[in-house]
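A.B. asks: My structure file protein-v1.cif, mmCIF, C-alpha atoms and all ligand atoms, is below:
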```cif
data_data
loop_
_atom_site.label_atom_id
_atom_site.label_comp_id
_atom_site.auth_asym_id
_atom_site.auth_seq_id
_atom_site.Cartn_x
_atom_site.Cartn_y
_atom_site.Cartn_z
CA MET A 1 42.55 219.59 58.24
CA THR A 2 42.69 221.56 55.02
CA ALA A 3 44.71 221.48 51.82
CA GLY A 4 44.93 223.14 48.44
CA VAL A 5 44.16 221.31 45.21
CA SER A 6 46.08 221.70 41.94
CA ILE A 7 44.46 220.48 38.77
CA ARG A 8 46.96 220.47 35.94
CA ALA A 9 45.99 219.99 32.28
CA VAL A 10 43.39 217.37 33.20
CA THR A 11 41.73 215.75 30.19
CA GLN A 12 39.14 212.98 30.34
CA ARG A 13 38.04 211.07 27.27
CA TYR A 14 35.18 208.60 27.05
CA GLY A 15 35.71 206.96 23.66
CA SER A 16 35.68 209.83 21.20
CA ALA A 17 33.88 212.18 23.63
CA LEU A 18 35.89 214.75 25.57
CA ALA A 19 34.38 215.17 29.06
CA LEU A 20 37.25 217.39 30.24
CA ASP A 21 39.51 219.30 27.91
CA GLY A 22 42.81 220.39 29.47
CA VAL A 23 41.44 221.84 32.73
CA ASP A 24 43.87 223.88 34.88
CA LEU A 25 42.66 225.01 38.29
CA GLU A 26 44.41 226.06 41.49
CA ILE A 27 42.28 225.84 44.64
CA THR A 28 43.67 227.43 47.81
CA ALA A 29 43.52 225.62 51.17
CA GLY A 30 40.33 226.61 53.00
CA GLU A 31 38.64 227.98 49.90
CA PHE A 32 34.96 227.36 49.05
CA VAL A 33 35.00 226.72 45.30
CA VAL A 34 31.86 226.04 43.28
CA LEU A 35 31.95 224.23 39.93
CA LEU A 36 28.98 225.67 38.03
CA GLY A 37 27.65 224.74 34.61
CA PRO A 38 24.90 223.03 32.65
CA SER A 39 24.27 219.29 32.73
CA GLY A 40 27.00 217.39 30.90
CA CYS A 41 29.68 220.09 31.11
CA GLY A 42 32.05 217.87 33.13
CA LYS A 43 31.45 218.91 36.75
CA THR A 44 30.98 215.41 38.18
CA THR A 45 33.83 214.06 36.07
CA LEU A 46 36.19 216.65 37.56
CA LEU A 47 34.95 216.01 41.11
CA ASN A 48 35.39 212.24 40.66
CA ILE A 49 38.92 212.75 39.40
CA ILE A 50 39.77 214.84 42.49
CA GLY A 51 38.18 212.22 44.75
CA GLY A 52 39.94 209.32 43.05
CA PHE A 53 36.81 207.63 41.68
CA ALA A 54 38.24 208.04 38.17
CA GLU A 55 41.73 208.39 36.76
CA PRO A 56 42.13 211.16 34.16
CA THR A 57 43.16 210.23 30.61
CA SER A 58 45.99 212.74 31.04
CA GLY A 59 47.04 215.46 33.46
CA ALA A 60 47.65 215.52 37.19
CA VAL A 61 45.84 216.21 40.47
CA LEU A 62 47.82 217.30 43.52
CA ILE A 63 46.29 217.63 46.98
CA GLY A 64 48.37 219.45 49.57
CA GLY A 65 51.20 219.35 47.03
CA ARG A 66 51.10 215.55 46.80
CA ASP A 67 50.55 213.90 43.40
CA MET A 68 47.44 211.70 43.62
CA ALA A 69 48.27 209.48 40.62
CA GLY A 70 47.53 205.89 41.60
CA VAL A 71 46.16 206.85 45.05
CA ALA A 72 42.80 205.10 45.66
CA ALA A 73 39.75 207.12 46.73
CA LYS A 74 39.83 205.67 50.26
CA ASP A 75 43.47 206.70 50.70
CA ARG A 76 42.96 210.31 49.62
CA PRO A 77 42.47 213.15 52.12
CA THR A 78 39.02 213.74 50.61
CA THR A 79 35.43 212.73 51.32
CA THR A 80 32.44 213.12 49.02
CA VAL A 81 28.83 214.06 49.72
CA PHE A 82 26.51 212.95 46.93
CA GLN A 83 23.02 214.16 46.07
CA ASP A 84 21.45 210.84 47.15
CA TYR A 85 23.27 210.89 50.46
CA ALA A 86 22.26 207.32 51.31
CA LEU A 87 22.28 207.15 55.09
CA PHE A 88 22.08 203.63 56.56
CA PRO A 89 18.41 203.33 57.61
CA HIS A 90 18.99 200.70 60.33
CA MET A 91 21.73 202.73 62.05
CA THR A 92 21.30 205.59 64.51
CA LEU A 93 22.56 209.02 63.52
CA ALA A 94 25.63 208.49 65.76
CA GLU A 95 26.37 205.21 63.96
CA ASN A 96 25.87 206.82 60.58
CA VAL A 97 28.17 209.73 61.40
CA GLY A 98 30.73 207.42 63.05
CA PHE A 99 30.73 204.93 60.17
CA GLY A 100 33.92 206.20 58.49
CA LEU A 101 35.67 206.33 61.87
CA ARG A 102 34.71 202.70 62.59
CA MET A 103 36.20 201.73 59.21
CA ARG A 104 39.41 203.40 60.40
CA GLY A 105 39.40 201.37 63.60
CA MET A 106 38.42 204.08 66.07
CA ALA A 107 36.97 202.73 69.37
CA LYS A 108 33.26 203.18 70.09
CA ALA A 109 33.54 205.77 72.88
CA ALA A 110 35.78 208.01 70.77
CA ARG A 111 33.48 207.50 67.75
CA ASP A 112 30.39 208.47 69.73
CA ALA A 113 32.11 211.59 71.08
CA LYS A 114 33.17 212.64 67.58
CA ALA A 115 29.68 211.91 66.21
CA ALA A 116 28.09 214.06 68.94
CA GLU A 117 30.50 216.87 68.13
CA MET A 118 29.73 216.63 64.39
CA LEU A 119 25.96 216.46 64.93
CA ALA A 120 26.23 219.62 67.05
CA LEU A 121 28.23 221.28 64.27
CA VAL A 122 25.34 220.76 61.83
CA GLY A 123 22.68 221.79 64.35
CA LEU A 124 21.48 218.30 65.35
CA GLU A 125 22.75 218.10 68.91
CA GLY A 126 21.00 215.62 71.15
CA ARG A 127 19.68 213.53 68.25
CA ALA A 128 22.44 210.89 68.21
CA ALA A 129 20.04 208.04 69.04
CA ARG A 130 17.50 208.92 66.32
CA ARG A 131 17.24 207.05 63.03
CA PRO A 132 17.22 208.62 59.55
CA HIS A 133 13.48 208.02 58.96
CA GLU A 134 12.69 210.35 61.87
CA LEU A 135 14.33 213.28 60.07
CA SER A 136 13.30 215.73 57.38
CA GLY A 137 15.15 215.87 54.05
CA GLY A 138 17.20 218.86 55.15
CA GLN A 139 18.16 217.16 58.43
CA ARG A 140 19.24 214.01 56.58
CA GLN A 141 21.40 216.11 54.30
CA ARG A 142 23.02 217.62 57.40
CA VAL A 143 23.73 214.14 58.78
CA ALA A 144 25.42 213.26 55.47
CA LEU A 145 27.53 216.39 55.85
CA ALA A 146 28.39 215.49 59.47
CA ARG A 147 29.37 211.97 58.36
CA ALA A 148 31.66 213.35 55.64
CA LEU A 149 33.30 215.86 58.01
CA ALA A 150 33.72 213.35 60.88
CA VAL A 151 36.79 211.78 59.26
CA GLU A 152 38.35 215.26 59.07
CA PRO A 153 39.12 215.37 55.35
CA ASP A 154 41.43 218.07 54.01
CA VAL A 155 39.06 218.53 51.09
CA LEU A 156 35.29 217.96 51.05
CA LEU A 157 33.75 217.24 47.64
CA LEU A 158 30.02 217.89 47.24
CA ASP A 159 28.12 216.80 44.11
CA GLU A 160 24.79 218.68 43.91
CA PRO A 161 24.22 217.91 47.62
CA LEU A 162 21.15 220.15 47.87
CA GLY A 163 19.55 219.05 44.60
CA ALA A 164 16.89 216.90 46.26
CA LEU A 165 15.65 219.66 48.60
CA ASP A 166 12.84 222.08 47.86
CA LEU A 167 13.79 225.67 47.04
CA LYS A 168 13.21 227.23 50.46
CA LEU A 169 15.11 224.50 52.30
CA ARG A 170 17.89 224.65 49.72
CA ARG A 171 18.38 228.38 50.34
CA ALA A 172 18.46 227.81 54.11
CA MET A 173 20.97 224.95 53.74
CA GLN A 174 23.19 227.14 51.53
CA ASP A 175 23.59 229.61 54.39
CA GLU A 176 24.33 226.75 56.81
CA LEU A 177 26.82 225.12 54.47
CA LYS A 178 28.74 228.34 54.16
CA ALA A 179 28.72 228.90 57.93
CA ILE A 180 29.91 225.33 58.58
CA GLN A 181 32.70 225.69 56.01
CA ARG A 182 33.89 228.87 57.73
CA ARG A 183 33.89 227.10 61.09
CA VAL A 184 35.83 223.97 60.02
CA GLY A 185 38.16 225.66 57.48
CA THR A 186 38.14 222.59 55.22
CA THR A 187 38.51 223.18 51.48
CA PHE A 188 35.06 222.69 49.88
CA VAL A 189 34.62 221.88 46.18
CA HIS A 190 30.89 222.03 45.50
CA VAL A 191 29.13 221.15 42.24
CA THR A 192 25.86 222.76 41.18
CA HIS A 193 23.99 223.89 38.07
CA ASP A 194 22.17 226.60 40.07
CA GLN A 195 23.87 229.98 39.63
CA GLU A 196 22.05 231.52 42.61
CA GLU A 197 23.35 228.72 44.82
CA ALA A 198 26.86 229.31 43.46
CA MET A 199 26.68 233.03 44.25
CA ALA A 200 25.27 232.36 47.73
CA ILE A 201 28.09 230.11 48.90
CA ALA A 202 31.23 230.44 46.77
CA ASP A 203 34.45 232.27 47.47
CA ARG A 204 35.15 231.60 43.80
CA ILE A 205 32.91 230.29 41.03
CA VAL A 206 34.35 228.15 38.24
CA VAL A 207 31.95 228.34 35.27
CA MET A 208 32.32 225.26 33.07
CA ASN A 209 31.11 224.62 29.54
CA GLY A 210 31.87 221.65 27.29
CA GLY A 211 34.66 220.30 29.48
CA LYS A 212 36.45 223.64 29.74
CA ILE A 213 36.57 226.52 32.19
CA ALA A 214 34.53 229.37 30.67
CA ASP A 215 35.13 231.82 33.53
CA ILE A 216 36.50 231.93 37.05
CA GLY A 217 36.36 234.47 39.86
CA PRO A 218 34.49 235.68 42.94
CA PRO A 219 30.68 235.80 42.47
CA ARG A 220 30.58 239.57 42.02
CA GLU A 221 33.26 239.49 39.35
CA VAL A 222 31.76 236.58 37.39
CA TYR A 223 28.31 238.19 37.49
CA LEU A 224 29.28 241.81 36.78
CA ARG A 225 32.46 241.29 34.71
CA PRO A 226 31.99 237.98 32.90
CA LYS A 227 34.86 237.05 30.63
CA SER A 228 32.84 235.08 28.08
CA LEU A 229 29.39 235.28 26.50
CA PHE A 230 28.64 231.82 27.86
CA SER A 231 29.43 232.88 31.42
CA ALA A 232 27.46 236.14 31.04
CA GLY A 233 24.39 234.17 29.93
CA PHE A 234 24.74 231.36 32.45
CA MET A 235 25.09 233.67 35.46
CA GLY A 236 21.81 235.45 34.74
CA GLU A 237 19.69 237.21 32.19
CA VAL A 238 21.58 239.51 29.83
CA ASN A 239 20.64 241.81 26.94
CA LYS A 240 23.03 241.42 24.00
CA VAL A 241 23.56 244.06 21.32
CA PRO A 242 26.24 243.47 18.64
CA VAL A 243 28.41 246.53 17.93
CA VAL A 244 30.62 246.90 14.85
CA GLY A 245 32.62 250.06 14.16
CA GLY A 246 30.67 251.97 16.81
CA LYS A 247 27.35 251.12 15.09
CA SER A 248 24.52 248.97 16.43
CA ALA A 249 20.82 248.30 15.85
CA LEU A 250 20.17 250.99 18.49
CA GLY A 251 22.27 253.55 16.57
CA PRO A 252 25.83 254.71 17.28
CA LEU A 253 27.28 253.45 20.58
CA ALA A 254 30.61 254.62 21.97
CA VAL A 255 31.87 251.17 22.97
CA PRO A 256 34.52 248.82 21.50
CA ASP A 257 33.51 246.28 18.85
CA GLY A 258 31.92 243.10 20.18
CA VAL A 259 28.69 242.12 21.91
CA LEU A 260 27.44 244.76 24.32
CA CYS A 261 26.04 242.87 27.34
CA ILE A 262 23.73 244.65 29.78
CA ARG A 263 22.00 243.08 32.79
CA PRO A 264 18.27 243.94 33.11
CA GLU A 265 18.85 245.75 36.41
CA ALA A 266 21.59 247.93 34.85
CA ILE A 267 19.09 249.70 32.61
CA SER A 268 17.24 252.79 33.87
CA GLU A 269 16.17 256.22 32.72
CA SER A 270 19.37 257.71 34.14
CA GLY A 271 21.99 255.23 32.78
CA ALA A 272 25.01 256.97 31.20
CA LEU A 273 25.27 254.83 28.06
CA ARG A 274 22.17 256.10 26.26
CA LEU A 275 20.11 253.39 24.54
CA GLY A 276 17.47 255.80 23.24
CA PRO A 277 13.67 255.83 23.50
CA CYS A 278 12.09 252.42 24.09
CA ARG A 279 8.44 251.39 24.00
CA VAL A 280 7.08 249.38 26.94
CA GLU A 281 5.59 246.15 25.53
CA GLU A 282 4.88 244.15 28.66
CA THR A 283 5.37 244.35 32.43
CA THR A 284 5.29 241.81 35.25
CA PHE A 285 5.49 242.54 38.96
CA PHE A 286 8.20 240.40 40.64
CA GLY A 287 8.01 241.74 44.18
CA THR A 288 11.44 243.31 44.48
CA TYR A 289 11.33 244.82 40.96
CA LEU A 290 9.12 245.37 37.93
CA ARG A 291 10.24 243.32 34.96
CA ALA A 292 9.53 244.98 31.60
CA HIS A 293 10.00 244.04 27.97
CA VAL A 294 10.81 247.13 25.94
CA SER A 295 11.54 247.69 22.24
CA PRO A 296 13.86 250.49 21.14
CA LEU A 297 12.08 252.80 18.65
CA ALA A 298 15.24 252.59 16.49
CA ALA A 299 15.00 248.78 16.38
CA PRO A 300 11.41 247.64 16.98
CA ASP A 301 12.32 243.98 16.45
CA LEU A 302 14.82 244.08 19.30
CA ARG A 303 13.46 243.26 22.76
CA LEU A 304 15.28 244.32 25.87
CA VAL A 305 14.50 243.02 29.35
CA VAL A 306 14.62 245.77 31.97
CA HIS A 307 14.17 245.60 35.74
CA LEU A 308 12.54 248.82 36.86
CA ALA A 309 12.03 249.97 40.43
CA GLN A 310 9.34 248.15 42.43
CA GLY A 311 7.11 251.24 42.42
CA ALA A 312 7.42 251.93 38.67
CA ALA A 313 4.16 251.62 36.76
CA PRO A 314 4.74 252.60 33.13
CA GLU A 315 1.71 252.26 30.86
CA LEU A 316 1.92 249.68 28.12
CA GLY A 317 2.85 251.47 24.90
CA SER A 318 4.48 254.39 26.70
CA VAL A 319 8.01 255.42 25.76
CA LEU A 320 10.91 255.54 28.25
CA ASP A 321 14.25 257.11 27.43
CA LEU A 322 16.64 254.47 28.75
CA GLY A 323 20.36 254.12 29.40
CA ALA A 324 22.77 251.54 30.84
CA GLN A 325 24.70 252.39 33.99
CA ASP A 326 26.84 249.24 33.73
CA PHE A 327 27.79 246.89 30.90
CA VAL A 328 30.57 244.74 29.45
CA VAL A 329 31.60 244.25 25.83
CA LEU A 330 32.58 240.66 25.02
CA GLU A 331 33.97 238.89 21.99
CA ALA A 332 31.25 237.43 19.78
P1 LIG B 1 27.94 217.09 34.70
O1 LIG B 1 28.24 216.53 36.05
O2 LIG B 1 28.46 218.47 34.49
O3 LIG B 1 26.48 217.01 34.37
P2 LIG B 1 29.49 214.82 33.75
O4 LIG B 1 30.83 215.09 34.30
O5 LIG B 1 28.65 213.81 34.44
O6 LIG B 1 28.69 216.20 33.60
O7 LIG B 1 29.62 214.36 32.22
C1 LIG B 1 30.40 215.05 31.28
C2 LIG B 1 30.31 214.35 29.95
O8 LIG B 1 30.96 213.09 30.01
C3 LIG B 1 28.89 214.08 29.51
O9 LIG B 1 28.80 214.25 28.12
C4 LIG B 1 28.68 212.63 29.91
O10 LIG B 1 27.73 212.01 29.08
C5 LIG B 1 30.06 212.04 29.71
N1 LIG B 1 30.34 210.93 30.64
C6 LIG B 1 30.44 211.04 31.99
N2 LIG B 1 30.74 209.85 32.55
C7 LIG B 1 30.84 208.96 31.52
C8 LIG B 1 31.14 207.56 31.45
N3 LIG B 1 31.41 206.84 32.53
N4 LIG B 1 31.14 207.00 30.23
C9 LIG B 1 30.89 207.73 29.11
N5 LIG B 1 30.60 209.04 29.11
C10 LIG B 1 30.58 209.65 30.30
MG MG B 2 26.92 215.80 37.55
#
```
Would you write out, as C-alpha cells, the structure that this file holds?
C.D. replies:
Amino acid sequence: MTAGVSIRAVTQRYGSALALDGVDLEITAGEFVVLLGPSGCGKTTLLNIIGGFAEPTSGAVLIGGRDMAGVAAKDRPTTTVFQDYALFPHMTLAENVGFGLRMRGMAKAARDAKAAEMLALVGLEGRAARRPHELSGGQRQRVALARALAVEPDVLLLDEPLGALDLKLRRAMQDELKAIQRRVGTTFVHVTHDQEEAMAIADRIVVMNGGKIADIGPPREVYLRPKSLFSAGFMGEVNKVPVVGGKSALGPLAVPDGVLCIRPEAISESGALRLGPCRVEETTFFGTYLRAHVSPLAAPDLRLVVHLAQGAAPELGSVLDLGAQDFVVLEA
C-alpha cells in the first residue's frame, strides 16, 4: 500500500547533456514529496526513472528496499498521473477507473466495486455510469487520480497533474490532493514548477536546478531558511544585499560575509537588523498587503521590495526607517 523510495547517485545523460547529475534522495513511505524547479531542471526525467519509463545512465532506484534495475514500468509498484490525463472517451467513469484492474484480470463485479470506492474517494460518488465528456476539467483530473489509485500502488507519481487547470480550480484540487493522500497513505511524488503549489501540498519540497538538488526540506524551512541562492529566489521574491567584511551598499551590517537575503514581508519599521532610511518610490495594493519599492538613501540605485501592512499608505517620496526582522546570509 505504501513504500519508501531510495534514489542513489542517479545520473542521466542524453548525449553530452546531463539531465540528472548524481541525485541522492531518500523518500519515506507515506510521504508527500514535491519535485520543484524550472522547466528543464530534470523533474520529469527523475519521475520517469522512478516509474521505470527510463533507465538511468548510472545509479540505482530502490522501492520498498527492492532494486528496480531491469524491472519494467508495468511490474513496478508505481502508477503515474500525467498532465494530459487521457481518459478513454468511449468508456464510462467506472470502466476508466477499472481499466488497470481489468488488465490485471480482476472480474467485472469486483472491478465495479473498486471503481465505485475510488470515485467516492475523489468526491465523484454516484457518477460511475457517466462519460468523461460530461465532466469538468477538475472532475476529469479526479477520475485520472482515481484510476491511478485503483490498482493500489505503493508509490503514486504525478507529473504536473494540475497544470491544465485554471488557477482557482488548481488551488482547490491541491487541497483535495493533500486530503486524499492523507486518507490513502500512499507515497506521492509530485512534480511542479509552481512554488505555491509545492508549499500547499508537500511534506517535503525538493528544489531542483540543472539536474541537481538545490535544496530540500519542509515548506517552511525551504522558504524561510533556504540553503542556496537559487532556492531562495525560486521559492519567492527576495532582496539580496552582498556583504563583505561587515560592509554593504547600505552601510555596515553586523552579519557574516555573503549575500544577505531578506523576504519582502520580513521588512518593516520595527525590524531588528536596521537597513536605514529608505525612500518610497512606488506602491501597489495587493489586497492582503501593500507592495512597495523603496530605495535606501545610502544606496539610491538599490531597490528593495517591501510588503507593508494592508492599511499602510506611505506617500510617494516619503522616507521610512526600515529594518529586517528575519533574514538569511547565503554563499554568493
Ligand atoms: P523538467 O521536467 O524539469 O522540465 P526534463 O526532465 O524533461 O525537465 O528534462 C531535463 C533535461 O533533459 C532537459 O534539458 C531536456 O531537454 C533533456 N531531455 C529530457 N528528455 C530527453 C530525451 N529523451 N532526449 C534528449 N534530451 C532530453
Ligand atoms: Mg517535465
A.B. asks: Step by step, measure atom-to-atom distances between ligand LIG 1 (chain B) and each residue using only C-alpha atoms and all ligand atoms, keep those at most 12 Å, then write them as a VMD selection string.
C.D. replies: chain A and resid 11 to 21 35 to 49 53 to 56 82 to 83 158 to 160 190 to 194 206 to 213
A.B. asks: What does the structure give for the distance between atom CA of A:Glu26 and atom CA of A:Gly51, in Å to one decimal?
C.D. replies: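 Those two atoms sit 15.5 Å apart.
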A.B. asks: Could the centre and edge lengths of an axis-aligned box, enclosing all atoms of stretch 115-122 of chain A in the file with 4 Å extra on each side, be given in Å to one decimal as AutoDock Vina command-line options?
C.D. replies:
```
--center_x 27.9 --center_y 216.6 --center_z 65.4 --size_x 13.2 --size_y 17.4 --size_z 15.1
```
A.B. asks: For a quick check of understanding, using all atoms listed in the file, which of A:Cys278, A:Leu149, A:Ala214, A:Ile180 has the smallest distance to A:Arg303?
C.D. replies: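 Of all the options, A:Cys278 lies closest to A:Arg303.
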A.B. asks: What's around stretch 240-247 of chain A at 8 Å? Count all atoms listed in the file, leave out sequence neighbours fewer than 3 positions away in its own chain, and write the answer as a ChimeraX atom specification.
C.D. replies: /A:250-262,332
